[in-house]
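Text of data_31.txt, listed as compact mmCIF, C-alpha atoms:
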# COMPACT_ATOMS: atom_id res chain seq x y z
CA MET A 1 148.72 372.27 6.91
CA LYS A 2 147.45 370.81 3.68
CA ARG A 3 147.58 367.05 3.25
CA ALA A 4 150.04 367.22 0.31
CA ALA A 5 152.51 369.28 2.35
CA PHE A 6 151.96 366.94 5.31
CA ILE A 7 152.97 363.90 3.24
CA LEU A 8 155.85 365.70 1.49
CA MET A 9 157.41 366.77 4.77
CA THR A 10 157.26 363.18 6.00
CA ILE A 11 159.09 361.88 2.91
CA LEU A 12 161.80 364.54 2.74
CA ALA A 13 162.64 364.78 6.44
CA VAL A 14 166.23 363.96 7.49
CA PRO A 15 166.84 361.83 10.64
CA CYS A 16 168.89 363.20 13.51
CA GLY A 17 169.21 362.78 17.25
CA LEU A 18 166.35 363.71 19.57
CA ALA A 19 166.45 365.53 22.92
CA ALA A 20 164.05 365.78 25.83
CA GLN A 21 160.35 366.40 25.31
CA THR A 22 158.56 369.62 26.22
CA PRO A 23 155.37 369.69 28.32
CA VAL A 24 152.33 371.52 26.95
CA ASP A 25 149.16 372.74 28.66
CA GLU A 26 146.95 375.13 26.68
CA ARG A 27 143.25 375.93 26.49
CA ARG A 28 140.98 377.75 24.02
CA GLU A 29 137.28 378.57 24.08
CA ALA A 30 135.40 376.56 21.42
CA ALA A 31 131.89 376.00 20.04
CA ALA A 32 129.92 373.17 21.66
CA ASP A 33 129.14 371.72 18.21
CA GLY A 34 132.18 372.89 16.28
CA VAL A 35 134.90 371.15 14.25
CA VAL A 36 138.14 370.12 15.95
CA GLU A 37 141.02 369.22 13.61
CA ILE A 38 144.14 367.50 14.95
CA GLU A 39 147.33 366.69 13.00
CA ASN A 40 150.25 364.86 14.60
CA ILE A 41 152.72 362.94 12.45
CA ALA A 42 154.02 360.56 15.12
CA GLY A 43 153.22 359.63 18.69
CA SER A 44 149.75 359.42 20.17
CA VAL A 45 146.55 361.42 20.48
CA LYS A 46 144.00 360.73 23.20
CA VAL A 47 140.75 362.68 22.88
CA MET A 48 138.05 362.87 25.55
CA GLY A 49 134.67 364.56 25.24
CA TRP A 50 133.53 366.85 28.07
CA ASN A 51 130.69 369.30 28.84
CA GLU A 52 132.75 372.51 28.65
CA ALA A 53 132.72 374.89 25.67
CA ALA A 54 136.48 374.72 25.38
CA VAL A 55 139.34 372.65 24.01
CA GLN A 56 142.26 371.81 26.27
CA VAL A 57 145.56 370.30 25.10
CA THR A 58 148.04 368.70 27.50
CA GLY A 59 150.90 366.28 27.03
CA THR A 60 154.46 366.41 25.72
CA LEU A 61 155.98 367.65 22.47
CA ALA A 62 159.01 366.07 20.84
CA SER A 63 162.23 368.07 20.79
CA GLY A 64 162.02 370.65 18.03
CA ALA A 65 158.23 370.40 17.81
CA GLU A 66 155.86 373.31 18.15
CA LEU A 67 152.14 373.33 18.84
CA GLU A 68 149.93 375.40 16.57
CA PHE A 69 146.62 375.79 18.43
CA GLU A 70 143.92 378.14 17.14
CA SER A 71 140.18 378.48 17.66
CA SER A 72 137.91 380.76 15.67
CA GLY A 73 134.15 380.55 15.26
CA LYS A 74 133.20 376.90 14.99
CA ARG A 75 136.64 375.59 14.00
CA THR A 76 139.55 374.63 16.24
CA THR A 77 142.87 373.45 14.77
CA ILE A 78 145.62 371.63 16.63
CA GLU A 79 148.81 370.85 14.73
CA VAL A 80 152.20 369.53 15.80
CA GLU A 81 154.94 370.98 13.57
CA VAL A 82 158.46 369.51 13.66
CA GLU A 83 161.59 371.25 12.39
CA GLY A 84 165.16 369.98 12.38
CA HIS A 85 164.29 366.33 13.03
CA ASN A 86 162.77 363.43 11.18
CA PRO A 87 159.08 363.88 12.06
CA MET A 88 158.58 360.11 11.94
CA GLU A 89 161.00 359.76 14.87
CA ALA A 90 159.81 362.83 16.77
CA ALA A 91 156.92 361.43 18.79
CA SER A 92 154.57 363.89 20.49
CA ASP A 93 151.91 362.59 22.88
CA LEU A 94 148.78 364.71 23.31
CA GLU A 95 145.69 364.51 25.49
CA VAL A 96 142.89 366.67 24.13
CA ARG A 97 139.57 367.49 25.77
CA VAL A 98 136.86 368.67 23.39
CA PRO A 99 133.16 369.54 23.68
CA ALA A 100 131.30 366.22 23.50
CA GLY A 101 129.20 367.31 20.51
CA SER A 102 132.21 368.19 18.36
CA ARG A 103 132.98 366.96 14.88
CA LEU A 104 136.44 365.45 15.35
CA GLU A 105 139.00 365.01 12.54
CA ILE A 106 142.41 363.45 13.24
CA GLU A 107 145.31 362.72 10.86
CA GLY A 108 148.69 361.12 11.47
CA VAL A 109 151.29 358.78 9.99
CA ARG A 110 152.91 356.82 12.83
CA LEU A 111 150.14 357.64 15.25
CA ASP A 112 148.04 355.77 17.81
CA VAL A 113 144.63 357.33 18.43
CA GLU A 114 142.15 356.86 21.27
CA VAL A 115 138.79 358.66 21.36
CA SER A 116 136.12 358.49 24.06
CA GLY A 117 133.00 360.41 25.01
CA VAL A 118 132.49 362.23 21.68
CA THR A 119 128.83 362.15 20.62
CA GLY A 120 129.22 364.17 17.42
CA SER A 121 131.26 362.54 14.66
CA VAL A 122 134.73 360.98 14.66
CA GLU A 123 137.02 360.74 11.61
CA VAL A 124 140.53 359.30 11.96
CA GLU A 125 143.21 358.46 9.38
CA THR A 126 146.60 356.97 10.26
CA VAL A 127 149.15 354.87 8.38
CA GLU A 128 150.93 352.98 11.15
CA GLY A 129 148.98 352.90 14.39
CA GLY A 130 145.93 351.58 16.18
CA ILE A 131 142.61 353.39 16.51
CA THR A 132 140.21 352.97 19.43
CA GLN A 133 136.84 354.73 19.57
CA ALA A 134 134.44 354.43 22.51
CA GLY A 135 131.17 356.27 23.00
CA ALA A 136 127.88 356.99 21.27
CA ALA A 137 129.24 358.90 18.29
CA LYS A 138 126.56 359.36 15.63
CA GLU A 139 129.04 358.92 12.78
CA VAL A 140 132.40 357.14 12.79
CA SER A 141 135.00 356.82 10.00
CA LEU A 142 138.27 355.12 10.98
CA GLN A 143 141.10 354.14 8.60
CA SER A 144 144.47 352.56 9.35
CA VAL A 145 146.94 350.82 7.06
CA MET A 146 148.95 348.92 9.68
CA GLY A 147 147.02 348.86 12.92
CA THR A 148 143.97 347.60 14.73
CA VAL A 149 140.62 349.39 14.62
CA ASP A 150 138.30 349.02 17.62
CA VAL A 151 134.83 350.57 17.90
CA THR A 152 132.63 350.43 21.01
CA GLY A 153 129.27 352.08 21.54
CA ALA A 154 128.76 353.91 18.21
CA THR A 155 125.10 354.38 17.31
CA GLY A 156 124.90 355.71 13.76
CA HIS A 157 126.88 355.20 10.56
CA ILE A 158 130.15 353.33 11.12
CA GLN A 159 133.06 352.89 8.69
CA ALA A 160 136.12 350.94 9.84
CA GLU A 161 139.01 349.91 7.58
CA THR A 162 142.49 348.47 7.96
CA VAL A 163 144.93 346.55 5.75
CA ASN A 164 147.13 344.67 8.23
CA GLY A 165 145.21 344.58 11.47
CA THR A 166 142.03 343.41 13.14
CA VAL A 167 138.70 345.24 13.15
CA THR A 168 136.43 344.80 16.17
CA ILE A 169 132.94 346.31 16.45
CA ARG A 170 131.09 345.84 19.75
CA GLU A 171 128.13 347.35 21.62
CA SER A 172 127.25 349.36 18.52
CA SER A 173 124.21 349.69 16.26
CA GLY A 174 122.98 351.35 13.09
CA GLN A 175 124.73 351.00 9.72
CA LEU A 176 128.14 349.38 9.37
CA GLU A 177 130.78 349.16 6.64
CA ALA A 178 133.98 347.38 7.65
CA SER A 179 136.90 345.82 5.79
CA THR A 180 140.31 344.28 6.33
CA VAL A 181 142.87 342.55 4.12
CA ASN A 182 144.82 340.24 6.45
CA GLY A 183 143.30 340.73 9.86
CA GLU A 184 140.27 339.28 11.59
CA LEU A 185 136.97 341.17 11.47
CA VAL A 186 134.61 340.61 14.42
CA VAL A 187 131.15 342.16 14.89
CA SER A 188 128.96 341.60 17.96
CA ASP A 189 125.93 343.04 19.76
CA GLY A 190 123.84 345.35 17.51
CA PRO A 191 121.13 345.59 16.28
CA PHE A 192 122.23 346.68 12.81
CA GLU A 193 120.04 347.83 9.93
CA ARG A 194 122.60 347.51 7.16
CA VAL A 195 125.96 345.73 7.23
CA ALA A 196 128.63 345.35 4.52
CA LEU A 197 131.77 343.39 5.49
CA GLU A 198 134.76 342.64 3.24
CA SER A 199 138.01 340.73 3.70
CA VAL A 200 140.73 339.32 1.47
CA ALA A 201 142.46 336.72 3.67
CA GLY A 202 141.15 337.56 7.12
CA GLU A 203 138.41 335.66 8.95
CA ILE A 204 135.03 337.33 9.42
CA ARG A 205 132.99 336.53 12.51
CA PHE A 206 129.49 338.05 12.74
CA GLU A 207 127.49 337.43 15.91
CA ALA A 208 125.34 340.56 16.15
CA ASP A 209 121.59 341.14 16.08
CA LEU A 210 119.85 342.43 12.97
CA THR A 211 116.69 344.52 12.68
CA ALA A 212 113.63 342.90 11.11
CA GLN A 213 114.29 344.24 7.59
CA ALA A 214 118.09 344.34 7.76
CA ARG A 215 120.51 343.65 4.93
CA LEU A 216 123.79 341.82 5.64
CA ASP A 217 126.38 341.38 2.86
CA ILE A 218 129.68 339.58 3.47
CA GLU A 219 132.44 339.06 0.88
CA THR A 220 135.89 337.44 1.17
CA VAL A 221 138.53 336.05 -1.15
CA SER A 222 140.14 333.31 0.98
CA GLY A 223 138.96 334.28 4.44
CA SER A 224 136.50 332.04 6.26
CA VAL A 225 133.14 333.30 7.51
CA GLU A 226 131.38 332.34 10.74
CA LEU A 227 127.82 333.64 10.96
CA PHE A 228 126.07 333.20 14.31
CA VAL A 229 122.28 333.53 14.12
CA SER A 230 119.36 333.03 16.48
CA PRO A 231 117.32 329.87 15.71
CA GLY A 232 114.19 332.04 15.51
CA ILE A 233 115.57 334.52 12.95
CA LYS A 234 113.39 335.41 9.95
CA ALA A 235 115.65 335.85 6.96
CA GLU A 236 116.50 334.84 3.41
CA PHE A 237 119.99 333.34 3.08
CA ALA A 238 122.14 333.22 -0.06
CA LEU A 239 125.56 331.60 0.45
CA SER A 240 128.17 330.76 -2.17
CA SER A 241 131.79 329.62 -2.32
CA PHE A 242 133.79 328.68 -5.41
CA SER A 243 136.15 326.19 -3.77
CA GLY A 244 135.39 326.39 -0.04
CA GLY A 245 132.84 324.52 2.04
CA LEU A 246 129.34 325.54 3.15
CA GLU A 247 127.96 324.35 6.50
CA ASN A 248 124.61 325.16 8.05
CA ASP A 249 123.91 324.20 11.66
CA LEU A 250 120.28 325.31 11.25
CA GLY A 251 119.65 322.11 9.27
CA ILE A 252 117.73 323.89 6.49
CA GLY A 253 118.39 323.84 2.78
CA THR A 254 120.61 321.74 0.54
CA VAL A 255 124.04 322.64 -0.80
CA GLU A 256 124.02 322.65 -4.61
CA GLN A 257 127.26 322.11 -6.54
CA GLU A 258 128.04 322.81 -10.19
CA SER A 259 128.83 319.76 -12.30
CA LEU A 260 132.02 321.02 -13.97
CA VAL A 261 133.45 323.37 -11.31
CA PRO A 262 133.64 323.14 -7.52
CA ALA A 263 131.34 326.13 -7.00
CA LYS A 264 128.69 325.64 -4.29
CA GLU A 265 125.52 327.47 -3.37
CA LEU A 266 123.14 327.29 -0.44
CA ASN A 267 119.86 329.22 -0.56
CA PHE A 268 117.11 328.94 2.03
CA SER A 269 114.63 330.97 4.06
CA THR A 270 113.71 330.87 7.75
CA GLY A 271 110.59 333.01 7.41
CA ALA A 272 108.89 335.46 5.08
CA GLY A 273 109.35 339.20 5.23
CA GLY A 274 112.57 339.14 7.20
CA ALA A 275 116.18 340.17 6.76
CA ARG A 276 118.33 339.40 3.70
CA ILE A 277 121.71 337.77 4.29
CA SER A 278 124.27 337.21 1.53
CA VAL A 279 127.72 335.60 1.91
CA GLU A 280 130.14 335.21 -1.01
CA THR A 281 133.69 333.86 -0.91
CA LEU A 282 136.14 332.55 -3.49
CA SER A 283 138.01 329.90 -1.51
CA GLY A 284 136.98 330.44 2.09
CA ASN A 285 134.64 328.28 4.15
CA VAL A 286 131.24 329.54 5.32
CA HIS A 287 129.69 328.19 8.51
CA ILE A 288 126.30 329.22 9.91
CA ARG A 289 126.15 328.54 13.63
CA LYS A 290 123.39 328.80 16.22
CA ARG A 291 123.74 331.49 18.87
Written form, structure tokens:
Amino acid sequence: MKRAAFILMTILAVPCGLAAQTPVDERREAAADGVVEIENIAGSVKVMGWNEAAVQVTGTLASGAELEFESSGKRTTIEVEVEGHNPMEAASDLEVRVPAGSRLEIEGVRLDVEVSGVTGSVEVETVEGGITQAGAAKEVSLQSVMGTVDVTGATGHIQAETVNGTVTIRESSGQLEASTVNGELVVSDGPFERVALESVAGEIRFEADLTAQARLDIETVSGSVELFVSPGIKAEFALSSFSGGLENDLGIGTVEQESLVPAKELNFSTGAGGARISVETLSGNVHIRKR
């Protein structure tokens, strides 16, 4: 189903009463490194990677829902279609086992998604629902409008976005792009080579390791920033806030303030040839703390 039709069906659907759910248990042979596409408007999808060259779908379908499940070549498609009910109220809950090396693509509207054990790539888009990804996926792209995003164990390129929800990145490494509007954004562990973090009103807390030549860029509008660094880190720091405060527990550098506006800057270095760290905020506070 094309995305335009997917959205249109959601908008035009008419509510009505729901009956009992229907169990499902189906299996198809699939490529070990193929693409697995899953579409489910409402409910939940739990995906687990395994060592078999097959895709298995179990769970329950909402009343009036049908499962379209096809596998051909290197592409497997799983789609929940709902007729006669408001698809936003017809929740189907699926558990899907896929070859661990798959490229996984999941779409939903009112959908919670949980992925584990997939070492290929993971791409998830949902409007209202949380997303949890665990495992050494080489590429991760997760987007939710109203829901939390949680990543554990990813090892490559990571993208994580939400509007109203928290973003948590742990036990991961590589390159990271993460953003939130109102929720907290927390990054730990690492090491990371390149990090770009953005928030409007949410707090950003970064307490992860960086590689020797890493680049860390953090931007907020009113959200505060807590940056935890090792006392022995080699890096160039450039911090600025228009109306917020700047604090540095490392005891290096002097905060400079403009004469006619409340803008402040703090620039200092803890060693040559190291990482580059930049923090910019409009009205939030920035605090560098020792780890």
Can you pull out the residues contacting Leu104 in chain A? Cut-off 9 Å, using all atoms listed in the file, and skip same-chain residues under 3 positions away; I want them as a ChimeraX atom specification. /A:34-38,98,118,120-124
Counting only C-alpha atoms, what are the residues of range 82-125 of chain A within 12 Å of range 132-155 of chain A, and for each of them which pair of atoms is the nearest and at what distance in Å, to one decimal? Sort the table by chain and rising number, as JSON lines.
{"residue": "A:Ala100", "atom": "CA", "partner": "A:Ala137", "partner_atom": "CA", "distance": 9.2}
{"residue": "A:Gly101", "atom": "CA", "partner": "A:Ala137", "partner_atom": "CA", "distance": 8.7}
{"residue": "A:Ser102", "atom": "CA", "partner": "A:Ala137", "partner_atom": "CA", "distance": 9.8}
{"residue": "A:Arg103", "atom": "CA", "partner": "A:Glu139", "partner_atom": "CA", "distance": 9.2}
{"residue": "A:Leu104", "atom": "CA", "partner": "A:Val140", "partner_atom": "CA", "distance": 9.6}
{"residue": "A:Glu105", "atom": "CA", "partner": "A:Ser141", "partner_atom": "CA", "distance": 9.5}
{"residue": "A:Ile106", "atom": "CA", "partner": "A:Leu142", "partner_atom": "CA", "distance": 9.6}
{"residue": "A:Glu107", "atom": "CA", "partner": "A:Gln143", "partner_atom": "CA", "distance": 9.8}
{"residue": "A:Gly108", "atom": "CA", "partner": "A:Ser144", "partner_atom": "CA", "distance": 9.8}
{"residue": "A:Val109", "atom": "CA", "partner": "A:Ser144", "partner_atom": "CA", "distance": 9.3}
{"residue": "A:Arg110", "atom": "CA", "partner": "A:Met146", "partner_atom": "CA", "distance": 9.4}
{"residue": "A:Leu111", "atom": "CA", "partner": "A:Gly147", "partner_atom": "CA", "distance": 9.6}
{"residue": "A:Asp112", "atom": "CA", "partner": "A:Thr132", "partner_atom": "CA", "distance": 8.5}
{"residue": "A:Val113", "atom": "CA", "partner": "A:Thr132", "partner_atom": "CA", "distance": 6.3}
{"residue": "A:Glu114", "atom": "CA", "partner": "A:Thr132", "partner_atom": "CA", "distance": 4.7}
{"residue": "A:Val115", "atom": "CA", "partner": "A:Gln133", "partner_atom": "CA", "distance": 4.7}
{"residue": "A:Ser116", "atom": "CA", "partner": "A:Ala134", "partner_atom": "CA", "distance": 4.7}
{"residue": "A:Gly117", "atom": "CA", "partner": "A:Gly135", "partner_atom": "CA", "distance": 5.0}
{"residue": "A:Val118", "atom": "CA", "partner": "A:Ala137", "partner_atom": "CA", "distance": 5.8}
{"residue": "A:Thr119", "atom": "CA", "partner": "A:Ala137", "partner_atom": "CA", "distance": 4.0}
{"residue": "A:Gly120", "atom": "CA", "partner": "A:Ala137", "partner_atom": "CA", "distance": 5.3}
{"residue": "A:Ser121", "atom": "CA", "partner": "A:Glu139", "partner_atom": "CA", "distance": 4.6}
{"residue": "A:Val122", "atom": "CA", "partner": "A:Val140", "partner_atom": "CA", "distance": 4.9}
{"residue": "A:Glu123", "atom": "CA", "partner": "A:Ser141", "partner_atom": "CA", "distance": 4.7}
{"residue": "A:Val124", "atom": "CA", "partner": "A:Leu142", "partner_atom": "CA", "distance": 4.9}
{"residue": "A:Glu125", "atom": "CA", "partner": "A:Gln143", "partner_atom": "CA", "distance": 4.9}
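With distances restricted to only C-alpha atoms, A:Ile158 is the closest residue to Ala196 in chain A from A:Leu250, A:Val47, A:Ile158, A:Ser222.
Note that the spacing between CA of Gly129 in chain A and CA of Trp50 in chain A amounts to 24.9 Å.
With CA of Val45 in chain A on one side and CA of Glu89 in chain A on the other, the separation reads 15.6 Å.
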Expressed in Å to a single decimal, how great is the separation between CA of Gly130 in chain A and CA of Asn40 in chain A? 14.1 Å
Around (134.5, 345.4, 16.7) in the file's frame, which residues reach within 7 Å when counting all atoms listed in the file? Return as a PyMOL selection string? chain A and resi 150-152+167-170+186-188
Write out as a PyMOL selection string which residues come within 6 Å of range 238-245 of chain A when counting only C-alpha atoms, dropping same-chain ones fewer than 3 positions away. chain A and resi 262-267+278-285
Fewer than 5 positions away in the same chain doesn't count, so skip those; otherwise give me all residues within 10 Å of Leu227 in chain A, counting only C-alpha atoms, as number ranges by chain. A: 187, 204-208, 218, 248, 277, 279, 286-291
